[in-house]
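Right, one structure below, let's go through it.
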Amino acid sequence: MEKRVKLDLLGSTGSIGEQTIDVVRRTGSQIVSICANQNDKRVEEQAREFKPAFCAMADEQAAKSLRLRLADTDIKVFGGASGIEEMIARSDAKVTLNAVLGEAGLAPTLAAIQSGKALALANKESLVVAGELVMQLAAEHQT
């Protein structure tokens, strides 16, 4: 049985993000938000296919470019680390898949937990750098 979920996809242009997109296509799940570091061209393609409510780019210049690329849509584009966290907080997704590379994935991990979302963590650095904090917050937020 296929399970359809509402999903935040963080790290959408990497290999795990692209594999997740393949799964979403097969299951009919909904991508509510997409985020990547710099590849605004690929995020535009993903946004036009899946029509998320939100996109975010860690790189501010890439965010500016994506805003221009998606100006003909209703998609809200955020920029920078704080923009990614705001996107997660605003999204009504039930699951956040975090495939952001390196230590940059920690803040989105914490934001997803604090939003009460289920976290599919493909970012080991979140646990390496702050495993105790991540697990404590997950317990507190019952997620």
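In the structure tokens, the first chain shown is A, the next is B, and so on; residue numbers restart at 1 for each chain, and ligands run from 1 in the order shown.
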_All residues 6 Å or closer to range 100-109 of chain A, only C-alpha atoms, same chain fewer than 3 positions away omitted, as a list in words_ = Leu10, Gly11, Glu85, Ala112, Glu125 and Ser126 of chain A
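For range 15-62 of chain A, backbone-based DSSP labels the following residues as strand (DSSP E or B): Gln30, Ile31, Val32, Ser33, Ile34, Cys35, Ala36, Phe54, Cys55, Ala56 and Met57 of chain A.
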For the contact check between range 88-137 of chain A and range 17-31 of chain A, emit one row per residue of range 88-137 of chain A within 12 Å, containing the shortest atom pair and the distance in Å rounded to one decimal, counting only C-alpha atoms, chain then rising number order, as JSON lines.
```
{"residue": "A:Ser91", "atom": "CA", "partner": "A:Ile31", "partner_atom": "CA", "distance": 10.0}
{"residue": "A:Asp92", "atom": "CA", "partner": "A:Ile31", "partner_atom": "CA", "distance": 10.3}
{"residue": "A:Ala93", "atom": "CA", "partner": "A:Ile31", "partner_atom": "CA", "distance": 7.9}
{"residue": "A:Lys94", "atom": "CA", "partner": "A:Gln30", "partner_atom": "CA", "distance": 10.2}
{"residue": "A:Val95", "atom": "CA", "partner": "A:Ile31", "partner_atom": "CA", "distance": 9.8}
{"residue": "A:Thr96", "atom": "CA", "partner": "A:Ile31", "partner_atom": "CA", "distance": 9.8}
{"residue": "A:Leu97", "atom": "CA", "partner": "A:Gly17", "partner_atom": "CA", "distance": 8.5}
{"residue": "A:Asn98", "atom": "CA", "partner": "A:Gly17", "partner_atom": "CA", "distance": 8.7}
{"residue": "A:Ala99", "atom": "CA", "partner": "A:Gly17", "partner_atom": "CA", "distance": 6.5}
{"residue": "A:Val100", "atom": "CA", "partner": "A:Gly17", "partner_atom": "CA", "distance": 8.9}
{"residue": "A:Leu101", "atom": "CA", "partner": "A:Gly17", "partner_atom": "CA", "distance": 11.0}
{"residue": "A:Ala120", "atom": "CA", "partner": "A:Thr20", "partner_atom": "CA", "distance": 11.0}
{"residue": "A:Leu121", "atom": "CA", "partner": "A:Gly17", "partner_atom": "CA", "distance": 11.7}
{"residue": "A:Ala122", "atom": "CA", "partner": "A:Gly17", "partner_atom": "CA", "distance": 9.6}
{"residue": "A:Asn123", "atom": "CA", "partner": "A:Gly17", "partner_atom": "CA", "distance": 11.7}
```
I need the residues from that last selection saved to file as a compact mmCIF listing (two decimals), in the first residue's frame (with N, CA and C atoms), if you can.
```txt
# COMPACT_ATOMS: atom_id res chain seq x y z
N SER A 91 5.21 25.87 6.90
CA SER A 91 4.71 24.73 6.13
C SER A 91 3.76 23.87 6.97
N ASP A 92 2.72 23.36 6.32
CA ASP A 92 1.81 22.45 7.02
C ASP A 92 2.14 20.98 6.72
N ALA A 93 3.36 20.74 6.25
CA ALA A 93 3.79 19.36 6.01
C ALA A 93 3.80 18.56 7.30
N LYS A 94 3.59 17.28 7.20
CA LYS A 94 3.61 16.39 8.37
C LYS A 94 5.00 15.80 8.60
N VAL A 95 5.80 15.75 7.51
CA VAL A 95 7.13 15.16 7.58
C VAL A 95 8.14 16.12 6.96
N THR A 96 9.28 16.27 7.62
CA THR A 96 10.40 17.02 7.05
C THR A 96 11.52 16.03 6.77
N LEU A 97 11.89 15.90 5.50
CA LEU A 97 13.03 15.08 5.13
C LEU A 97 14.22 16.02 5.02
N ASN A 98 15.20 15.85 5.90
CA ASN A 98 16.37 16.71 5.93
C ASN A 98 17.56 15.97 5.32
N ALA A 99 17.89 16.37 4.08
CA ALA A 99 19.06 15.81 3.38
C ALA A 99 20.06 16.92 3.09
N VAL A 100 20.08 17.95 3.93
CA VAL A 100 21.04 19.04 3.80
C VAL A 100 22.42 18.52 4.19
N LEU A 101 23.44 18.93 3.47
CA LEU A 101 24.80 18.46 3.73
C LEU A 101 25.42 19.16 4.94
N ALA A 120 12.51 12.88 8.98
CA ALA A 120 13.24 11.84 8.27
C ALA A 120 14.64 12.42 8.09
N LEU A 121 15.58 11.94 8.87
CA LEU A 121 16.89 12.57 8.95
C LEU A 121 17.91 11.83 8.10
N ALA A 122 18.35 12.50 7.04
CA ALA A 122 19.42 11.97 6.19
C ALA A 122 20.62 12.89 6.32
N ASN A 123 20.79 13.44 7.50
CA ASN A 123 21.88 14.37 7.80
C ASN A 123 22.53 13.92 9.11
```
*For Ala56 in chain A, list every protein, DNA or RNA residue within 6 Å, evaluated using only C-alpha atoms, and leave out those in the same chain fewer than 4 positions away; present the list as a ChimeraX atom specification.*
/A:35,77-79,84
Suppose we keep C-alpha atoms; can you now write the selection as a compact mmCIF listing (two decimals), in the first residue's frame?
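Full text of selection.txt as output:
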```
# COMPACT_ATOMS: atom_id res chain seq x y z
CA CYS A 35 15.00 23.90 -0.17
CA VAL A 77 10.68 32.08 -1.76
CA PHE A 78 12.83 32.43 1.37
CA GLY A 79 16.57 33.04 1.57
CA ILE A 84 14.79 27.95 5.71
```
*asked:* So that I can see what lies close to range 39-41 of chain A, please list as a list in words the residues with an atom at most 10 Å from it, counting only C-alpha atoms and leaving out residues fewer than 4 positions away in the same chain.
replied: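 With the cut-off at 10 Å, the set is Ser12, Thr13, Gly14, Cys35, Glu45, Gln46, Ala47, Cys55, Ala56, Met57, Ala58, Asp59, Gln61, Ala62, Ala63, Lys64, Ser65, Leu66, Arg67 and Arg69 of chain A.
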With N, CA and C atoms retained, could you export that selection as a short mmCIF file (atom, residue, chain, number, x, y, z; two decimals), in the first residue's frame?
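Result written to out03.cif:
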```cif
data_model
loop_
_atom_site.label_atom_id
_atom_site.label_comp_id
_atom_site.auth_asym_id
_atom_site.auth_seq_id
_atom_site.Cartn_x
_atom_site.Cartn_y
_atom_site.Cartn_z
N SER A 12 16.91 19.29 -1.79
CA SER A 12 16.17 18.68 -2.90
C SER A 12 17.01 18.41 -4.14
N THR A 13 18.15 19.06 -4.28
CA THR A 13 18.95 18.89 -5.50
C THR A 13 20.06 17.85 -5.36
N GLY A 14 20.27 17.33 -4.17
CA GLY A 14 21.27 16.29 -3.96
C GLY A 14 20.73 14.92 -4.31
N CYS A 35 13.86 23.04 -0.44
CA CYS A 35 15.00 23.90 -0.17
C CYS A 35 16.28 23.27 -0.71
N GLU A 45 12.80 24.06 -11.59
CA GLU A 45 12.19 22.91 -12.28
C GLU A 45 11.33 22.10 -11.31
N GLN A 46 11.87 21.82 -10.12
CA GLN A 46 11.13 21.06 -9.12
C GLN A 46 9.87 21.81 -8.69
N ALA A 47 9.99 23.10 -8.49
CA ALA A 47 8.85 23.91 -8.05
C ALA A 47 7.76 23.93 -9.12
N CYS A 55 9.56 27.73 -1.25
CA CYS A 55 10.90 27.30 -1.61
C CYS A 55 11.88 28.14 -0.78
N ALA A 56 13.05 27.60 -0.55
CA ALA A 56 14.10 28.36 0.13
C ALA A 56 15.44 27.98 -0.46
N MET A 57 16.32 28.96 -0.50
CA MET A 57 17.69 28.76 -0.94
C MET A 57 18.59 29.24 0.18
N ALA A 58 19.55 28.42 0.59
CA ALA A 58 20.48 28.82 1.64
C ALA A 58 21.31 30.02 1.18
N ASP A 59 21.68 30.03 -0.07
CA ASP A 59 22.46 31.12 -0.64
C ASP A 59 21.51 32.27 -1.01
N GLN A 61 21.93 34.96 -2.87
CA GLN A 61 21.90 35.31 -4.29
C GLN A 61 21.05 34.33 -5.08
N ALA A 62 21.15 33.05 -4.73
CA ALA A 62 20.32 32.04 -5.39
C ALA A 62 18.85 32.27 -5.07
N ALA A 63 18.56 32.71 -3.85
CA ALA A 63 17.17 33.02 -3.47
C ALA A 63 16.64 34.18 -4.31
N LYS A 64 17.45 35.20 -4.51
CA LYS A 64 17.03 36.34 -5.34
C LYS A 64 16.74 35.88 -6.76
N SER A 65 17.62 35.05 -7.28
CA SER A 65 17.43 34.53 -8.63
C SER A 65 16.15 33.68 -8.72
N LEU A 66 15.93 32.84 -7.71
CA LEU A 66 14.74 31.99 -7.72
C LEU A 66 13.47 32.82 -7.63
N ARG A 67 13.50 33.89 -6.83
CA ARG A 67 12.31 34.76 -6.76
C ARG A 67 11.95 35.29 -8.15
N ARG A 69 12.79 33.89 -11.05
CA ARG A 69 12.39 32.75 -11.89
C ARG A 69 10.95 32.32 -11.61
#
```
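What separates CA of Lys76 in chain A from CA of Phe54 in chain A is a distance of 4.8 Å.
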